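Chemist: input25.cif (mmCIF, C-alpha atoms) pasted underneath:
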```cif
data_protein
#
loop_
_atom_site.label_atom_id
_atom_site.label_comp_id
_atom_site.auth_asym_id
_atom_site.auth_seq_id
_atom_site.Cartn_x
_atom_site.Cartn_y
_atom_site.Cartn_z
CA MET I 1 -36.66 8.39 27.03
CA THR I 2 -35.65 11.13 24.64
CA SER I 3 -35.97 10.79 20.92
CA PRO I 4 -32.77 10.54 18.92
CA ALA I 5 -31.38 13.65 17.36
CA PRO I 6 -32.46 14.15 13.76
CA GLN I 7 -29.96 12.78 11.28
CA THR I 8 -28.61 14.89 8.49
CA GLN I 9 -26.08 14.26 5.79
CA PRO I 10 -22.79 13.32 7.50
CA THR I 11 -19.80 15.55 7.36
CA PHE I 12 -16.08 15.32 8.01
CA VAL I 13 -14.67 15.69 11.47
CA PRO I 14 -11.03 16.48 12.26
CA SER I 15 -8.73 13.76 13.51
CA GLY I 16 -8.31 15.19 17.00
CA SER I 17 -6.36 18.26 15.93
CA THR I 18 -4.92 20.31 18.81
CA ARG I 19 -4.07 23.28 16.57
CA ASP I 20 -6.08 26.48 16.79
CA ARG I 21 -7.94 27.99 13.86
CA ARG I 22 -5.25 30.54 13.09
CA GLU I 23 -2.57 27.85 12.81
CA LEU I 24 -4.80 25.66 10.66
CA ALA I 25 -5.64 28.60 8.37
CA ALA I 26 -1.94 29.43 7.99
CA TRP I 27 -1.19 25.80 7.12
CA ARG I 28 -3.99 25.75 4.55
CA ASN I 29 -2.79 28.98 2.95
CA ALA I 30 0.79 27.72 2.85
CA MET I 31 -0.36 24.70 0.87
CA PHE I 32 -2.42 26.90 -1.45
CA ALA I 33 0.80 28.83 -2.13
CA THR I 34 2.84 25.67 -2.71
CA PHE I 35 0.35 24.28 -5.24
CA PHE I 36 0.27 27.68 -6.97
CA LEU I 37 4.06 27.84 -7.20
CA ALA I 38 4.27 24.33 -8.67
CA GLY I 39 1.79 25.27 -11.40
CA PHE I 40 3.46 28.65 -11.95
CA GLY I 41 6.86 27.07 -12.60
CA LEU I 42 5.42 24.40 -14.89
CA ALA I 43 3.59 26.88 -17.11
CA ALA I 44 6.65 29.14 -17.40
CA TRP I 45 8.84 26.77 -19.37
CA VAL I 46 5.99 25.10 -21.28
CA ALA I 47 4.84 28.49 -22.58
CA ARG I 48 8.39 29.29 -23.78
CA LEU I 49 8.84 25.95 -25.55
CA PRO I 50 8.54 27.47 -29.05
CA ALA I 51 11.30 29.99 -28.22
CA ILE I 52 13.46 27.26 -26.69
CA ARG I 53 12.97 25.16 -29.83
CA ASP I 54 14.08 28.07 -32.03
CA ASP I 55 17.06 29.01 -29.82
CA VAL I 56 18.43 25.48 -29.83
CA GLY I 57 17.35 24.64 -33.40
CA LEU I 58 15.30 21.58 -32.54
CA SER I 59 13.17 19.57 -34.92
CA THR I 60 9.74 18.35 -33.86
CA ALA I 61 11.19 14.89 -33.20
CA SER I 62 13.96 16.41 -31.07
CA VAL I 63 11.40 18.33 -29.03
CA GLY I 64 9.68 15.02 -28.33
CA LEU I 65 12.94 13.48 -27.11
CA VAL I 66 13.65 16.45 -24.83
CA LEU I 67 10.15 16.19 -23.37
CA LEU I 68 10.74 12.48 -22.83
CA ALA I 69 13.80 13.33 -20.70
CA GLY I 70 11.63 15.53 -18.52
CA SER I 71 8.90 12.90 -18.21
CA GLY I 72 11.40 10.21 -17.32
CA ALA I 73 12.92 12.40 -14.61
CA SER I 74 9.43 13.14 -13.28
CA VAL I 75 8.80 9.41 -12.88
CA VAL I 76 12.05 9.15 -10.92
CA GLY I 77 10.91 12.06 -8.76
CA LEU I 78 7.64 10.30 -7.98
CA ILE I 79 9.49 7.12 -7.01
CA ILE I 80 12.07 8.79 -4.77
CA ALA I 81 9.55 11.06 -3.04
CA PRO I 82 8.62 8.59 -0.23
CA PRO I 83 12.23 7.92 0.89
CA VAL I 84 13.10 11.61 0.59
CA LEU I 85 10.02 12.47 2.64
CA ALA I 86 10.98 9.88 5.25
CA ARG I 87 14.54 11.20 5.44
CA MET I 88 14.05 14.97 5.21
CA GLY I 89 10.49 15.60 6.34
CA ALA I 90 7.75 17.50 4.53
CA ARG I 91 9.04 21.04 5.06
CA ALA I 92 12.61 20.45 3.88
CA GLY I 93 11.39 18.02 1.23
CA MET I 94 9.10 20.56 -0.44
CA VAL I 95 11.79 23.25 -0.36
CA THR I 96 14.33 20.85 -1.86
CA GLY I 97 11.93 19.65 -4.54
CA LEU I 98 10.87 23.09 -5.76
CA SER I 99 14.44 24.40 -5.48
CA THR I 100 15.62 21.55 -7.70
CA ALA I 101 12.87 22.40 -10.18
CA ALA I 102 13.90 26.07 -10.04
CA LEU I 103 17.53 25.12 -10.74
CA GLY I 104 16.26 23.23 -13.74
CA LEU I 105 14.47 26.35 -14.99
CA VAL I 106 17.70 28.34 -14.72
CA ALA I 107 19.59 25.65 -16.67
CA ILE I 108 16.89 25.57 -19.37
CA GLY I 109 17.09 29.35 -19.73
CA ILE I 110 20.89 29.49 -19.88
CA GLY I 111 21.07 26.52 -22.21
CA SER I 112 18.54 28.10 -24.53
CA THR I 113 19.42 31.80 -24.61
CA LEU I 114 23.16 31.91 -23.88
CA PHE I 115 24.51 28.69 -25.37
CA GLY I 116 21.84 27.21 -27.64
CA SER I 117 22.84 23.90 -26.08
CA LEU I 118 20.53 20.89 -26.37
CA PRO I 119 22.38 18.89 -23.66
CA LEU I 120 22.11 21.76 -21.17
CA VAL I 121 18.42 22.24 -21.92
CA ALA I 122 17.86 18.50 -21.51
CA ILE I 123 19.72 18.50 -18.17
CA GLY I 124 17.65 21.45 -17.01
CA LEU I 125 14.43 19.78 -17.99
CA ALA I 126 15.52 16.61 -16.19
CA LEU I 127 16.21 18.60 -13.01
CA PHE I 128 12.86 20.34 -13.33
CA GLY I 129 11.03 17.04 -13.82
CA LEU I 130 12.85 15.41 -10.91
CA GLY I 131 12.06 18.21 -8.47
CA ASN I 132 8.52 18.77 -9.65
CA GLY I 133 7.71 15.05 -9.59
CA ALA I 134 8.92 14.70 -6.03
CA VAL I 135 7.15 17.80 -4.74
CA ASP I 136 3.90 16.73 -6.41
CA VAL I 137 3.78 13.78 -4.01
CA MET I 138 4.98 15.74 -0.97
CA MET I 139 2.55 18.64 -1.30
CA ASN I 140 -0.38 16.25 -1.73
CA VAL I 141 0.70 14.39 1.42
CA ASP I 142 0.79 17.58 3.47
CA ALA I 143 -2.36 19.07 1.91
CA ALA I 144 -4.31 15.90 2.69
CA GLU I 145 -3.22 16.04 6.32
CA ALA I 146 -4.16 19.73 6.53
CA GLU I 147 -7.59 18.87 5.17
CA ARG I 148 -7.98 16.03 7.66
CA GLU I 149 -7.16 18.25 10.64
CA ILE I 150 -9.29 21.15 9.40
CA GLY I 151 -12.28 18.82 9.02
CA ARG I 152 -13.55 20.29 5.78
CA THR I 153 -12.99 19.25 2.15
CA ILE I 154 -10.37 21.58 0.67
CA MET I 155 -8.26 19.26 -1.49
CA PRO I 156 -10.14 20.15 -4.72
CA LEU I 157 -9.41 23.82 -4.01
CA MET I 158 -5.72 22.94 -3.49
CA HIS I 159 -5.63 21.53 -7.01
CA ALA I 160 -7.54 24.55 -8.29
CA PHE I 161 -4.67 26.69 -6.98
CA PHE I 162 -2.30 24.62 -9.12
CA SER I 163 -4.52 25.54 -12.08
CA PHE I 164 -4.45 29.20 -11.02
CA GLY I 165 -0.66 28.96 -10.99
CA THR I 166 -0.55 27.61 -14.55
CA VAL I 167 -2.84 30.41 -15.73
CA ALA I 168 -0.67 33.04 -14.04
CA GLY I 169 2.50 31.47 -15.40
CA ALA I 170 1.14 31.34 -18.94
CA ALA I 171 -0.14 34.93 -18.73
CA LEU I 172 3.24 36.19 -17.51
CA ALA I 173 4.99 34.29 -20.29
CA ALA I 174 2.70 35.85 -22.88
CA ALA I 175 3.37 39.33 -21.51
CA LEU I 176 7.15 38.89 -21.36
CA THR I 177 7.23 37.34 -24.81
CA SER I 178 5.42 40.38 -26.22
CA PHE I 179 8.19 42.58 -24.76
CA GLY I 180 10.92 40.38 -26.28
CA THR I 181 12.21 39.12 -22.90
CA SER I 182 14.71 36.31 -23.31
CA VAL I 183 14.03 32.81 -22.04
CA ALA I 184 16.97 33.05 -19.62
CA VAL I 185 15.74 36.24 -17.94
CA HIS I 186 12.14 35.00 -17.79
CA LEU I 187 12.89 31.54 -16.36
CA GLY I 188 15.54 32.94 -14.01
CA ALA I 189 13.02 35.38 -12.54
CA VAL I 190 10.41 32.64 -12.18
CA ALA I 191 12.98 30.42 -10.43
CA VAL I 192 13.66 33.15 -7.86
CA VAL I 193 9.93 33.62 -7.21
CA VAL I 194 9.42 29.87 -6.76
CA VAL I 195 12.32 29.42 -4.32
CA VAL I 196 11.54 32.51 -2.24
CA GLY I 197 7.85 31.65 -2.23
CA VAL I 198 8.24 28.08 -1.02
CA VAL I 199 10.80 29.04 1.66
CA ILE I 200 8.28 31.53 3.06
CA ALA I 201 5.31 29.17 2.70
CA VAL I 202 6.78 26.18 4.52
CA ARG I 203 7.40 28.27 7.62
CA PHE I 204 3.65 27.97 8.23
CA VAL I 205 3.57 24.18 7.71
CA PRO I 206 3.52 22.41 11.11
CA ARG I 207 6.29 19.96 11.92
CA ARG I 208 4.92 16.41 12.11
CA ASP I 209 6.73 13.25 13.17
CA GLU I 210 4.63 11.14 10.78
CA VAL I 211 6.40 12.65 7.77
CA GLY I 212 9.79 12.88 9.46
CA ASP I 213 9.94 16.58 10.25
CA PRO I 214 12.63 17.31 12.84
CA ALA I 215 11.72 19.00 16.09
CA PRO I 216 11.90 22.81 16.22
CA HIS I 217 15.49 24.19 16.27
CA ASP I 218 16.77 20.80 15.11
CA ASP I 219 16.33 21.10 11.34
CA GLU I 220 19.62 19.36 10.61
CA ALA I 221 18.82 16.21 12.51
CA THR I 222 17.87 13.07 10.62
CA ASP I 223 16.93 10.85 13.53
CA ALA I 224 16.36 13.24 16.40
CA PRO I 225 15.19 11.85 19.75
CA GLY I 226 11.44 11.38 19.99
CA ARG I 227 10.79 10.33 16.41
CA ARG I 228 11.03 7.06 14.58
CA PRO I 229 14.18 6.28 12.56
CA TRP I 230 13.75 7.18 8.92
CA SER I 231 14.16 3.53 7.88
CA ASP I 232 11.11 2.63 9.99
CA ARG I 233 9.13 5.43 8.38
CA LEU I 234 10.18 4.23 4.94
CA ARG I 235 9.16 0.61 5.68
CA ALA I 236 5.82 1.83 6.95
CA GLY I 237 5.38 3.81 3.76
CA LEU I 238 6.06 0.81 1.54
CA SER I 239 3.78 -1.51 3.53
CA VAL I 240 0.62 0.34 2.47
CA TRP I 241 0.93 -0.98 -1.08
CA GLY I 242 -0.52 -4.28 0.17
CA ASP I 243 -3.85 -2.67 1.15
CA PRO I 244 -6.59 -3.66 -1.38
CA ARG I 245 -8.78 -0.69 -0.47
CA LEU I 246 -5.91 1.71 -1.12
CA LEU I 247 -5.28 0.10 -4.51
CA LEU I 248 -8.96 0.58 -5.40
CA ILE I 249 -8.63 4.25 -4.46
CA GLY I 250 -5.67 4.21 -6.83
CA VAL I 251 -7.99 2.90 -9.57
CA VAL I 252 -10.29 5.89 -9.02
CA VAL I 253 -7.35 8.27 -9.30
CA LEU I 254 -5.79 6.38 -12.22
CA GLY I 255 -8.87 6.71 -14.42
CA MET I 256 -9.52 10.35 -13.66
CA ALA I 257 -5.85 11.39 -13.90
CA PHE I 258 -5.62 9.52 -17.21
CA ALA I 259 -8.68 11.44 -18.41
CA GLU I 260 -7.22 14.80 -17.34
CA GLY I 261 -3.75 14.23 -18.75
CA SER I 262 -5.04 12.87 -22.05
CA ALA I 263 -7.36 15.84 -22.51
CA ASN I 264 -4.59 18.34 -21.79
CA ASP I 265 -2.36 16.82 -24.47
CA TRP I 266 -4.80 15.48 -27.05
CA ILE I 267 -8.16 17.25 -27.03
CA ALA I 268 -6.96 20.02 -29.36
CA ILE I 269 -5.38 17.54 -31.77
CA ALA I 270 -8.47 15.32 -31.64
CA THR I 271 -10.61 18.34 -32.52
CA VAL I 272 -8.44 19.12 -35.55
CA ASP I 273 -7.43 15.67 -36.80
CA GLY I 274 -10.44 13.68 -35.63
CA HIS I 275 -13.27 16.12 -36.32
CA GLY I 276 -11.73 18.31 -39.03
CA PHE I 277 -11.90 21.70 -37.28
CA ASP I 278 -9.17 24.34 -37.46
CA GLU I 279 -6.49 25.01 -34.83
CA THR I 280 -8.43 27.87 -33.26
CA ALA I 281 -11.32 25.53 -32.57
CA GLY I 282 -8.90 23.05 -31.06
CA ALA I 283 -7.54 25.70 -28.68
CA LEU I 284 -11.05 26.76 -27.72
CA MET I 285 -12.00 23.14 -27.01
CA LEU I 286 -9.00 22.81 -24.67
CA THR I 287 -10.02 26.07 -23.00
CA ALA I 288 -13.57 24.77 -22.45
CA PHE I 289 -12.17 21.62 -20.86
CA MET I 290 -9.78 23.50 -18.56
CA VAL I 291 -12.39 26.05 -17.45
CA ALA I 292 -14.80 23.23 -16.58
CA MET I 293 -12.04 21.36 -14.73
CA THR I 294 -11.08 24.42 -12.69
CA ALA I 295 -14.71 25.30 -11.92
CA GLY I 296 -15.34 21.76 -10.69
CA ARG I 297 -12.41 22.00 -8.30
CA VAL I 298 -13.33 25.45 -6.99
CA LEU I 299 -16.94 24.44 -6.31
CA GLY I 300 -16.38 20.78 -5.43
CA GLY I 301 -15.57 21.03 -1.72
CA PRO I 302 -19.03 22.04 -0.46
CA VAL I 303 -20.68 19.50 -2.77
CA LEU I 304 -18.51 16.72 -1.37
CA ASP I 305 -19.22 17.77 2.21
CA ARG I 306 -22.94 17.83 1.47
CA PHE I 307 -23.35 14.55 -0.38
CA GLY I 308 -20.24 12.50 0.45
CA ARG I 309 -17.45 11.14 -1.72
CA VAL I 310 -19.05 8.01 -3.17
CA PRO I 311 -22.24 9.56 -4.63
CA VAL I 312 -20.26 12.49 -6.03
CA LEU I 313 -17.59 10.27 -7.60
CA ARG I 314 -20.22 8.03 -9.16
CA ALA I 315 -22.11 11.00 -10.56
CA LEU I 316 -18.93 12.56 -11.91
CA ALA I 317 -17.90 9.28 -13.55
CA VAL I 318 -21.23 9.21 -15.38
CA ILE I 319 -20.78 12.85 -16.38
CA ALA I 320 -17.22 12.25 -17.60
CA VAL I 321 -18.13 9.14 -19.58
CA SER I 322 -21.11 10.94 -21.14
CA GLY I 323 -18.95 13.93 -22.04
CA LEU I 324 -16.16 11.88 -23.58
CA ALA I 325 -18.65 9.76 -25.54
CA LEU I 326 -20.29 12.95 -26.82
CA PHE I 327 -16.89 14.33 -27.82
CA ILE I 328 -15.78 11.14 -29.58
CA PHE I 329 -19.00 10.33 -31.42
CA GLY I 330 -20.53 13.80 -31.77
CA THR I 331 -21.06 15.26 -35.23
CA GLU I 332 -22.13 18.81 -34.40
CA THR I 333 -20.08 21.64 -32.92
CA TRP I 334 -22.33 21.99 -29.88
CA MET I 335 -21.88 18.28 -29.16
CA LEU I 336 -18.10 18.64 -29.05
CA VAL I 337 -18.23 21.73 -26.84
CA ALA I 338 -20.73 20.11 -24.46
CA GLY I 339 -18.64 16.96 -24.46
CA ALA I 340 -15.46 18.85 -23.57
CA VAL I 341 -17.22 20.69 -20.73
CA LEU I 342 -18.76 17.50 -19.30
CA TRP I 343 -15.45 15.66 -19.70
CA GLY I 344 -13.62 18.37 -17.74
CA LEU I 345 -16.27 18.67 -15.05
CA GLY I 346 -16.51 14.89 -14.60
CA ALA I 347 -12.76 14.43 -14.29
CA SER I 348 -12.22 17.42 -11.99
CA LEU I 349 -12.49 15.82 -8.55
CA GLY I 350 -11.20 12.27 -8.97
CA PHE I 351 -7.57 13.09 -8.19
CA PRO I 352 -8.10 15.41 -5.20
CA VAL I 353 -10.82 13.16 -3.70
CA GLY I 354 -8.45 10.21 -4.05
CA MET I 355 -5.87 12.14 -2.02
CA SER I 356 -8.47 12.84 0.68
CA ALA I 357 -9.62 9.23 0.78
CA ALA I 358 -6.07 7.95 1.07
CA ALA I 359 -5.43 10.31 3.98
CA ASP I 360 -8.52 9.10 5.86
CA HIS I 361 -6.52 6.75 8.09
CA PRO I 362 -5.52 7.22 11.74
CA THR I 363 -1.83 6.32 11.50
CA GLN I 364 -0.62 5.97 7.89
CA SER I 365 -2.11 8.95 6.09
CA ALA I 366 1.19 10.26 4.71
CA ALA I 367 2.29 6.89 3.33
CA ARG I 368 -1.12 6.21 1.81
CA VAL I 369 -1.37 9.61 0.12
CA SER I 370 2.14 9.15 -1.24
CA ALA I 371 1.19 5.80 -2.79
CA VAL I 372 -1.99 7.11 -4.43
CA ALA I 373 -0.20 10.25 -5.65
CA ILE I 374 2.40 8.07 -7.35
CA ILE I 375 -0.36 6.12 -9.12
CA GLY I 376 -2.07 9.32 -10.23
CA TYR I 377 1.00 11.10 -11.51
CA MET I 378 2.20 7.99 -13.31
CA ALA I 379 -1.14 8.10 -15.16
CA PHE I 380 -0.48 11.75 -16.05
CA LEU I 381 2.93 10.85 -17.47
CA VAL I 382 2.21 7.51 -19.14
CA GLY I 383 -1.34 8.16 -20.34
CA PRO I 384 -0.75 10.81 -23.04
CA PRO I 385 2.03 8.86 -24.85
CA LEU I 386 -0.15 5.74 -24.80
CA ILE I 387 -3.00 7.68 -26.41
CA GLY I 388 -0.51 8.86 -29.02
CA PHE I 389 0.52 5.31 -29.91
CA LEU I 390 -3.09 4.17 -30.08
CA GLY I 391 -4.05 7.22 -32.11
CA GLU I 392 -1.28 6.52 -34.62
CA ALA I 393 -2.51 2.96 -35.07
CA PHE I 394 -6.30 3.37 -34.89
CA GLY I 395 -7.06 7.08 -35.15
CA ILE I 396 -7.01 9.62 -32.34
CA LEU I 397 -10.74 9.42 -31.55
CA ASN I 398 -10.58 5.63 -31.30
CA GLY I 399 -7.49 5.99 -29.12
CA LEU I 400 -9.55 8.00 -26.62
CA LEU I 401 -11.85 5.03 -26.08
CA VAL I 402 -9.33 3.61 -23.61
CA VAL I 403 -9.89 6.73 -21.48
CA LEU I 404 -13.61 6.10 -21.53
CA GLY I 405 -13.07 2.55 -20.28
CA LEU I 406 -10.81 3.68 -17.44
CA MET I 407 -13.35 6.26 -16.29
CA VAL I 408 -15.97 3.49 -16.09
CA LEU I 409 -13.57 1.56 -13.84
CA SER I 410 -13.10 4.68 -11.70
CA GLY I 411 -16.83 4.92 -11.14
CA LEU I 412 -17.06 1.24 -10.22
CA ALA I 413 -14.19 1.61 -7.71
CA ALA I 414 -15.75 4.70 -6.06
CA PRO I 415 -16.97 2.88 -2.89
CA ALA I 416 -13.33 2.43 -1.83
CA ALA I 417 -13.19 6.20 -1.24
CA ARG I 418 -15.97 6.15 1.37
CA GLU I 419 -15.29 8.35 4.41
CA ARG I 420 -14.17 6.61 7.58
CA SER I 421 -14.63 9.64 9.86
CA ARG I 422 -18.26 10.76 9.79
CA THR I 423 -20.55 12.27 12.35
CA ALA I 424 -24.19 13.17 12.69
CA ALA I 425 -25.43 16.70 13.08
CA GLY I 426 -25.20 18.10 16.56
CA GLU I 427 -21.61 16.94 17.16
CA PRO I 428 -18.88 19.57 16.94
CA GLU I 429 -17.14 20.16 13.65
CA ALA I 430 -13.91 22.11 13.42
CA SER I 431 -13.61 24.32 10.41
CA VAL I 432 -11.47 27.12 9.21
CA THR I 433 -12.97 30.19 7.62
CA GLY I 434 -11.55 33.42 6.39
CA PRO I 435 -8.21 34.06 4.74
#
```
Would you mind giving the structure from this file in structure tokens?
Modeler:
Amino acid sequence: MTSPAPQTQPTFVPSGSTRDRRELAAWRNAMFATFFLAGFGLAAWVARLPAIRDDVGLSTASVGLVLLAGSGASVVGLIIAPPVLARMGARAGMVTGLSTAALGLVAIGIGSTLFGSLPLVAIGLALFGLGNGAVDVMMNVDAAEAEREIGRTIMPLMHAFFSFGTVAGAALAAALTSFGTSVAVHLGAVAVVVVVGVVIAVRFVPRRDEVGDPAPHDDEATDAPGRRPWSDRLRAGLSVWGDPRLLLIGVVVLGMAFAEGSANDWIAIATVDGHGFDETAGALMLTAFMVAMTAGRVLGGPVLDRFGRVPVLRALAVIAVSGLALFIFGTETWMLVAGAVLWGLGASLGFPVGMSAAADHPTQSAARVSAVAIIGYMAFLVGPPLIGFLGEAFGILNGLLVVLGLMVLSGLAAPAARERSRTAAGEPEASVTGP
């Protein structure tokens, strides 16, 4: 009788992928590009907001109302993403979503520079929010499936590429602004890059019946032979909302997305209004948070593969809670900086790990990722305004206490994200290396 093979920390295995390494690598890189383009487009118009405000002659209150139009459209985009995905498939859906967002950028630029028209800017922002909201769900669905077939944790790196896109978009905006480039020319050029980029990228995304992609050479079909009718795919997508484990994964994502979105919008203001520092310090605090968030996502994949989702999520929840508590209650500069860094690091992996956990299902991965993505992005959109209302009533630092409570809930719900597909050492593991 032979002794059992030594056990090591378990690792992901692919879900029976029949694709070769080159095809899997191309799929992975296509999703990196899609995440990058989504972040690139978002940063472009946000960075030009002061110029748009001046072109149209908006007051601060009017800017808030215009932003509300974009947020409302983004919520609609999140809601319609599952039926659009079921009808059009992932490839056409991502092209349509980012093309709609690009059209919105063009409308914002024309409305700002050429006409100084508030209605046209608002319509453009609504189109951008609608397209971006929908593609946020779709690209997470496809990225989670790519990760599952590759057999290695890459979802955090996908979200890091979104961050890279925002950095590139903001840097380009700063450069063009310094040369006096108009909003219309800038956003028009970005729109062209986004559309051309996504059209090229999706050519390397495999067609999959699960998300309604038509068979090759049949891109116009909606219910081609050999795949389920879109209504069946839609019903299957809605049925996952009754799964308690999936809803607990949603709690993990909700808390961490709430923490990320609230920091992006409020950490600078909390530094100035809550702690009495100047605006430069507020900007530096936001920078510290974002650098820590990006670093966590770049480095998180190997850590997750080594230790597993649940221990990592629990540890990160403790780190995030400690960091936020240090930021809220700290009295020294070093406490605030350390708090911002720990807050960003702790919140970095909750959203991407939630996407991976939702996809860890043999037959309903797309529908489950779509549901969890909707929960997460709703937290991004609803969380910051809620903090604003609480901050107005109780003070901004006290308003952030709700974030602390939600991160505690995320840590408690972490066991729901446990891997279903694990193997001991000695069994084959498919992976993709290289560019």
Chemist: Considering only C-alpha atoms, can you say which of I:Gly188, I:Gly282, I:Gly255, I:Pro156 comes closest to Ala268 (chain I)?
Modeler: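 Ranking I:Gly188, I:Gly282, I:Gly255, I:Pro156 by distance to Ala268 (chain I), first place goes to I:Gly282.
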Chemist: Could you please give me, as number ranges by chain, the residues of protein, DNA or RNA lying at most 12 Å from (-18.4, 16.7, -22.7) in the coordinate frame of the file, considering only C-alpha atoms?
Modeler: I: 259, 263, 267, 285-286, 288-290, 292-293, 316-330, 333-347, 404
Chemist: Taking the file as shown, find all residues satisfying the PyMOL selection byres ((chain I and resi 123-127) around 6) and write them as a VMD selection string.
Modeler: chain I and resid 69 to 70 73 101 104 107 to 108 120 to 122 128 to 130
Chemist: One number please: CA of Ala25 (chain I) to CA of Arg148 (chain I), in Å, one decimal.
Modeler: 12.8 Å
Chemist: Given all atoms listed in the file, how would the per-residue table for region 21-137 of chain I near region 365-379 of chain I read, listing every residue at most 10 Å away with its closest atom pair and distance in Å to one decimal, sorted by chain and number, as a tab-separated table?
Modeler:
```
residue	atom	partner	partner_atom	distance
I:Ser71	CA	I:Met378	CA	9.6
I:Ser74	CA	I:Tyr377	CA	8.9
I:Val75	CA	I:Met378	CA	6.8
I:Gly77	CA	I:Ile374	CA	9.5
I:Leu78	CA	I:Ile374	CA	5.7
I:Ile79	CA	I:Ile374	CA	7.2
I:Ala81	CA	I:Ser370	CA	7.9
I:Pro82	CA	I:Ser370	CA	6.6
I:Leu85	CA	I:Ala366	CA	9.3
I:Ala86	CA	I:Ala367	CA	9.4
I:Ala90	CA	I:Ala366	CA	9.8
I:Gly133	CA	I:Tyr377	CA	8.0
I:Ala134	CA	I:Ile374	CA	9.4
I:Asp136	CA	I:Ala373	CA	7.7
I:Val137	CA	I:Ala373	CA	5.6
```
Chemist: Between CA of Leu238 (chain I) and CA of Trp27 (chain I), what is the distance, to one decimal in Å?
Modeler: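 Between these atoms lies a distance of 26.6 Å.
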Chemist: How far is it from CA of Leu24 (chain I) to CA of Met158 (chain I), in Å with one decimal?
Modeler: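 Separation of CA of Leu24 (chain I) and CA of Met158 (chain I): 14.4 Å.
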Chemist: As a PDB file with C-alpha atoms, in the frame of the given file, please: the residues near region 172-179 of chain I (cut-off 10 Å, all atoms listed in the file, same-chain neighbours under 2 positions excluded).
Modeler:
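Below is the file that was written, out23.pdb:
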```pdb
ATOM      1  CA  PHE I  40       3.460  28.650 -11.950  1.00  0.00           C
ATOM      2  CA  ALA I  43       3.590  26.880 -17.110  1.00  0.00           C
ATOM      3  CA  ALA I  44       6.650  29.140 -17.400  1.00  0.00           C
ATOM      4  CA  TRP I  45       8.840  26.770 -19.370  1.00  0.00           C
ATOM      5  CA  VAL I  46       5.990  25.100 -21.280  1.00  0.00           C
ATOM      6  CA  ALA I  47       4.840  28.490 -22.580  1.00  0.00           C
ATOM      7  CA  ARG I  48       8.390  29.290 -23.780  1.00  0.00           C
ATOM      8  CA  ALA I  51      11.300  29.990 -28.220  1.00  0.00           C
ATOM      9  CA  THR I 166      -0.550  27.610 -14.550  1.00  0.00           C
ATOM     10  CA  VAL I 167      -2.840  30.410 -15.730  1.00  0.00           C
ATOM     11  CA  ALA I 168      -0.670  33.040 -14.040  1.00  0.00           C
ATOM     12  CA  GLY I 169       2.500  31.470 -15.400  1.00  0.00           C
ATOM     13  CA  ALA I 170       1.140  31.340 -18.940  1.00  0.00           C
ATOM     14  CA  THR I 181      12.210  39.120 -22.900  1.00  0.00           C
ATOM     15  CA  SER I 182      14.710  36.310 -23.310  1.00  0.00           C
ATOM     16  CA  VAL I 183      14.030  32.810 -22.040  1.00  0.00           C
ATOM     17  CA  VAL I 185      15.740  36.240 -17.940  1.00  0.00           C
ATOM     18  CA  HIS I 186      12.140  35.000 -17.790  1.00  0.00           C
ATOM     19  CA  LEU I 187      12.890  31.540 -16.360  1.00  0.00           C
ATOM     20  CA  VAL I 190      10.410  32.640 -12.180  1.00  0.00           C
TER      21      VAL I 190
END
```
Chemist: Just the residues within 8 Å of Ile52 (chain I), please, counting all atoms listed in the file, with nothing from its chain fewer than 3 positions along; format it as a tab-separated table (two decimals) with C-alpha atoms, in the frame of the given file.
Modeler:
```tsv
chain	number	residue	atom	x	y	z
I	48	ARG	CA	8.39	29.29	-23.78
I	49	LEU	CA	8.84	25.95	-25.55
I	55	ASP	CA	17.06	29.01	-29.82
I	56	VAL	CA	18.43	25.48	-29.83
I	112	SER	CA	18.54	28.10	-24.53
I	113	THR	CA	19.42	31.80	-24.61
I	183	VAL	CA	14.03	32.81	-22.04
```
Chemist: Can you pull out the residues contacting Asp265 (chain I)? Cut-off 12 Å, using only C-alpha atoms, and skip same-chain residues under 6 positions away; I want them as a CSV table (one decimal) with C-alpha atoms, in the frame of the given file.
Modeler:
```csv
chain,number,residue,atom,x,y,z
I,258,PHE,CA,-5.6,9.5,-17.2
I,259,ALA,CA,-8.7,11.4,-18.4
I,271,THR,CA,-10.6,18.3,-32.5
I,282,GLY,CA,-8.9,23.0,-31.1
I,283,ALA,CA,-7.5,25.7,-28.7
I,285,MET,CA,-12.0,23.1,-27.0
I,286,LEU,CA,-9.0,22.8,-24.7
I,289,PHE,CA,-12.2,21.6,-20.9
I,290,MET,CA,-9.8,23.5,-18.6
I,380,PHE,CA,-0.5,11.8,-16.0
I,381,LEU,CA,2.9,10.8,-17.5
I,382,VAL,CA,2.2,7.5,-19.1
I,383,GLY,CA,-1.3,8.2,-20.3
I,384,PRO,CA,-0.8,10.8,-23.0
I,385,PRO,CA,2.0,8.9,-24.8
I,386,LEU,CA,-0.2,5.7,-24.8
I,387,ILE,CA,-3.0,7.7,-26.4
I,388,GLY,CA,-0.5,8.9,-29.0
I,396,ILE,CA,-7.0,9.6,-32.3
I,400,LEU,CA,-9.6,8.0,-26.6
```
